[in-house]
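Written out below as structure tokens is the structure these notes cover.
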Amino acid sequence: MTSSSASSVSSALAPYGWDDAWADEFAPYGTEGLLPGRVIRVDRGQCDVVTADGVLRADTAFVTPHDPLRVVCTGDWVAVEPGGNPRYVRAYLPRRTAFVRSTSSKRSEGQILAANVDHAIVAVPLSAELDLGRIERFLALAWESGAQPLVVLTKADLVPDAVTLSHLVQDVETSAPGVPVVPVSAVDGAGLDVVAAIVGGGTSVLLGQSGAGKSTLANALLGEDVMAVQAIRDVDGKGRHTTTTRNLLALPGGGVLIDTPGLRGVGLWDAETGVGQVFSEIEELAERCRFHDCAHEAEPGCAVLAAVEEGDLPERRLQSYRKLLRENQRIVAKTDARLRAEIRKDWKRKGAIGRAAMEAKRGPHWRA
């Protein structure tokens with residue numbers, strides 16, 4: 001690639017996140033005459049790729065492996081053929097971050113939702129009761145991806161009382177340590193400037209259930225009605241899937257936004273580190289437990305249980321922490337034979353301890 005063509009590519013793709021590091025990664029493909037581009041949409045084995053020559057339609061069959069985590073996805077930087085019918089994506093560049101969840105299938109496969117994301121925006125509607133457990137689940141996946149999470153409380157205009165809104169924000173902040181929580185209204189524009197400033201310096205992905213107001217928020221940030229919006233049901237505050245594919249769009253004030261379909265299920269996928277970050281206060285307490293492998297169930301000298309008893313740690317937080325850790329362990333164990341063996345061994349050890357404790361409680365002559 002000549003210096004003039006490199007400059008042309010840089011100016012055309014810079015709004016989509018192209019930088020010198022991506023240029024260096026792409027260099028070997030440039031010598032083969034391939035074009036750099038970013039995937040802005042994937043649909044049934046084909047994708048739309050924004051390049052210096054415009055948006056090209058390309059087939060992903062050339063790089064589609066059996067591993068579902070290695071398929072081309074929205075947000076990928078790729079090397080695409082300059083011509084051909086069909087035109088093919090030949091490779092994608094190493095991902096800086098990847099947002100992955102487990103599928104709903106019984107095969108326990110991972111599904112990649114978006115790649116090379118800097119900010120993960122979790123949209124939570126104030127039109128319905130807050131589901132703190134769901135928020136914690138989204139945040140665990142966001143932290144695990146390598147992106148910086150941000151919780152946006154949409155439809156804030158539905159909570160006109162400032163004190164009530166403040167309490168709702170505090171409830172979410174308690175469940176999201178280290179994560180900005182911003183109430184936003186697309187109706188009156190409240191909070192939009194804060195969100196725009198945060199997402200203006202990179203790639204952001206919008207996450208949340210149907211009816212969370214993601215497409216409305218996307219339109220507000222884009223400054224035009226690009227994404228279709230449907231009314232939610234009054235009976236339960238839920239909506240139908242308005243967005244059916246993941247779409248990557250350049251924001252007018254800088255930055256890139258990926259809008260996603262509403263996620264009914266958000267299964268963890270090897271997200272132990274992410275869970276630890278969501279529940280950082282429990283992880284810190286656990287360091288003071290008497291036993292290094294404390295399960296925070298009934299062990300003596302458990303600092304976590306002591307914090308619950310003293311009112312410093314909500315019982316709901318501990319229950320949510322246990323639930324997500326167990327779920328993550330099950331997912332990992334299905335693909336890791338060594339871990340499955342360790343879990344079975346741990347079950348047997350705990351069973352033996354339980355039986356011994358029961359026998360000691362009953363006394364030496366209970367069988368007689």
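Letters for chains follow the order of the structure tokens (A, B, ...), residue numbers begin at 1 for each chain, and ligand numbers begin at 1 in the order shown.
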
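The protein and nucleic acid residues lying at most 8 Å from Ala271 (chain A) are Ala140, Leu141, Glu144 and Asn328 of chain A, with only C-alpha atoms considered and sequence neighbours fewer than 5 positions away removed.
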
**OP:** Pick out each residue of region 126-337 of chain A that DSSP on the backbone tags as strand (DSSP E); I need them as a ChimeraX atom specification.
**Re:** /A:148-154,181-183,203-207,247-250,256-259

Would you kindly return, as a short mmCIF file (atom, residue, chain, number, x, y, z; two decimals) with C-alpha atoms, in the first residue's frame, each protein, DNA or RNA residue with an atom no farther than 12 Å from any atom of Leu248 (chain A), considering only C-alpha atoms and excluding same-chain residues fewer than 3 positions away?
```cif
data_model
loop_
_atom_site.label_atom_id
_atom_site.label_comp_id
_atom_site.auth_asym_id
_atom_site.auth_seq_id
_atom_site.Cartn_x
_atom_site.Cartn_y
_atom_site.Cartn_z
CA PRO A 15 -14.36 7.86 11.97
CA TYR A 16 -14.82 4.12 12.47
CA GLY A 17 -11.84 3.72 14.81
CA ARG A 38 -14.70 -2.61 9.47
CA VAL A 39 -17.72 -4.88 9.64
CA ILE A 40 -20.84 -2.80 10.25
CA ARG A 41 -23.38 -5.62 9.93
CA VAL A 42 -23.48 -9.42 9.64
CA CYS A 47 -21.52 -8.87 5.97
CA ASP A 48 -21.39 -5.20 5.08
CA VAL A 49 -17.88 -3.76 5.36
CA VAL A 50 -17.09 -0.05 5.35
CA CYS A 73 -18.91 -10.32 13.78
CA THR A 74 -19.94 -6.68 13.92
CA GLY A 75 -17.01 -4.52 14.98
CA ASP A 76 -14.31 -6.71 13.44
CA LEU A 113 -21.99 -10.30 20.02
CA ALA A 114 -19.50 -7.55 19.17
CA ALA A 115 -15.75 -7.06 18.79
CA ASN A 116 -13.26 -4.28 19.49
CA VAL A 117 -15.57 -2.47 21.90
CA THR A 203 -16.52 2.09 20.04
CA SER A 204 -19.57 1.49 22.22
CA VAL A 205 -22.07 -1.37 22.21
CA LEU A 206 -25.66 -0.91 23.39
CA ALA A 218 -29.13 5.38 19.60
CA LEU A 222 -26.98 9.94 16.25
CA VAL A 226 -31.78 5.87 11.99
CA MET A 227 -33.04 3.00 14.13
CA THR A 243 -33.36 -4.14 16.10
CA THR A 245 -29.16 -7.36 13.67
CA LEU A 251 -21.58 9.08 15.69
CA GLY A 255 -17.03 7.57 18.29
CA VAL A 256 -18.82 4.51 16.97
CA LEU A 257 -22.01 2.87 18.22
CA ILE A 258 -23.13 -0.76 17.86
CA ASP A 259 -26.83 -1.28 18.48
CA THR A 260 -27.89 -4.83 19.33
#
```

**OP:** Check the smallest atom-to-atom distance from each of A:Asp43, A:Asp188, A:Glu272, A:Asp24 to Pro160 (chain A) using only C-alpha atoms, then report the winner.
**Re:** A:Asp188

**OP:** Enumerate the residues of region 96-236 of chain A with a DSSP assignment of alpha helix (DSSP H), computed from the backbone, and present them as JSON, numbers by chain.
**Re:** {"A": [132, 133, 134, 135, 136, 137, 138, 139, 140, 141, 142, 143, 144, 145, 162, 163, 164, 165, 166, 167, 168, 169, 170, 171, 172, 173, 174, 175, 192, 193, 194, 195, 196, 197, 198, 199, 214, 215, 216, 217, 218, 219, 220, 221, 222]}

Original post:
Closest to Leu165 (chain A) among A:Ala186, A:Ala12, A:Leu126, A:Val100, using only C-alpha atoms?
Top reply: A:Leu126

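Take the candidates A:Pro125, A:Gly301, A:Gly30, A:Gly311 and check each one against Gly208 (chain A) using only C-alpha atoms; the shortest distance goes to A:Pro125.
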
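For Ile112 (chain A), the residues within 7 Å (counting only C-alpha atoms, excluding itself and residues fewer than 3 positions away along the chain) are Leu69, Ala98, Phe99, Val100 and Arg101 of chain A.
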
Export of prior selection with all heavy atoms as a compact mmCIF listing (two decimals), in the first residue's frame:
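This went into again05.txt:
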```
# COMPACT_ATOMS: atom_id res chain seq x y z
N LEU A 69 -16.95 -18.82 18.21
CA LEU A 69 -16.34 -17.61 18.75
C LEU A 69 -15.37 -16.98 17.76
O LEU A 69 -14.87 -15.88 18.00
CB LEU A 69 -15.61 -17.91 20.06
CG LEU A 69 -16.49 -18.39 21.22
CD1 LEU A 69 -15.63 -18.63 22.46
CD2 LEU A 69 -17.57 -17.37 21.52
N ALA A 98 -13.77 -8.56 23.10
CA ALA A 98 -14.85 -9.34 22.49
C ALA A 98 -15.94 -9.55 23.54
O ALA A 98 -15.67 -10.01 24.65
CB ALA A 98 -14.34 -10.68 21.99
N PHE A 99 -17.16 -9.20 23.19
CA PHE A 99 -18.30 -9.38 24.09
C PHE A 99 -18.95 -10.71 23.75
O PHE A 99 -19.49 -10.89 22.67
CB PHE A 99 -19.29 -8.23 23.93
CG PHE A 99 -20.31 -8.16 25.03
CD1 PHE A 99 -20.14 -7.31 26.10
CD2 PHE A 99 -21.43 -8.97 25.00
CE1 PHE A 99 -21.08 -7.25 27.12
CE2 PHE A 99 -22.36 -8.93 26.01
CZ PHE A 99 -22.19 -8.07 27.07
N VAL A 100 -18.89 -11.65 24.70
CA VAL A 100 -19.33 -13.03 24.47
C VAL A 100 -20.34 -13.43 25.53
O VAL A 100 -20.17 -13.15 26.71
CB VAL A 100 -18.14 -14.01 24.50
CG1 VAL A 100 -18.61 -15.44 24.23
CG2 VAL A 100 -17.09 -13.60 23.47
N ARG A 101 -21.41 -14.12 25.10
CA ARG A 101 -22.34 -14.74 26.04
C ARG A 101 -22.51 -16.20 25.65
O ARG A 101 -22.16 -16.62 24.53
CB ARG A 101 -23.70 -14.04 25.99
CG ARG A 101 -24.46 -14.28 24.68
CD ARG A 101 -25.92 -13.88 24.79
NE ARG A 101 -26.61 -14.08 23.52
CZ ARG A 101 -27.91 -13.92 23.34
NH1 ARG A 101 -28.68 -13.57 24.37
NH2 ARG A 101 -28.47 -14.10 22.16
```

**OP:** Between CA of Glu297 (chain A) and CA of Arg330 (chain A), measure the distance and give it in Å to one decimal.
**Re:** 18.7 Å

Subject >> Exercise: Phe291 (chain A) partners within 10 Å, only C-alpha atoms, chain neighbours under 6 positions left out, as a PyMOL selection string >> reply: chain A and resi 299-303

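Coordinates place CA of Gly83 (chain A) at a distance of 14.7 Å from CA of Phe62 (chain A).
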
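One distance worth recording is that between CA of Val169 (chain A) and CA of Ile121 (chain A), which is 15.4 Å.
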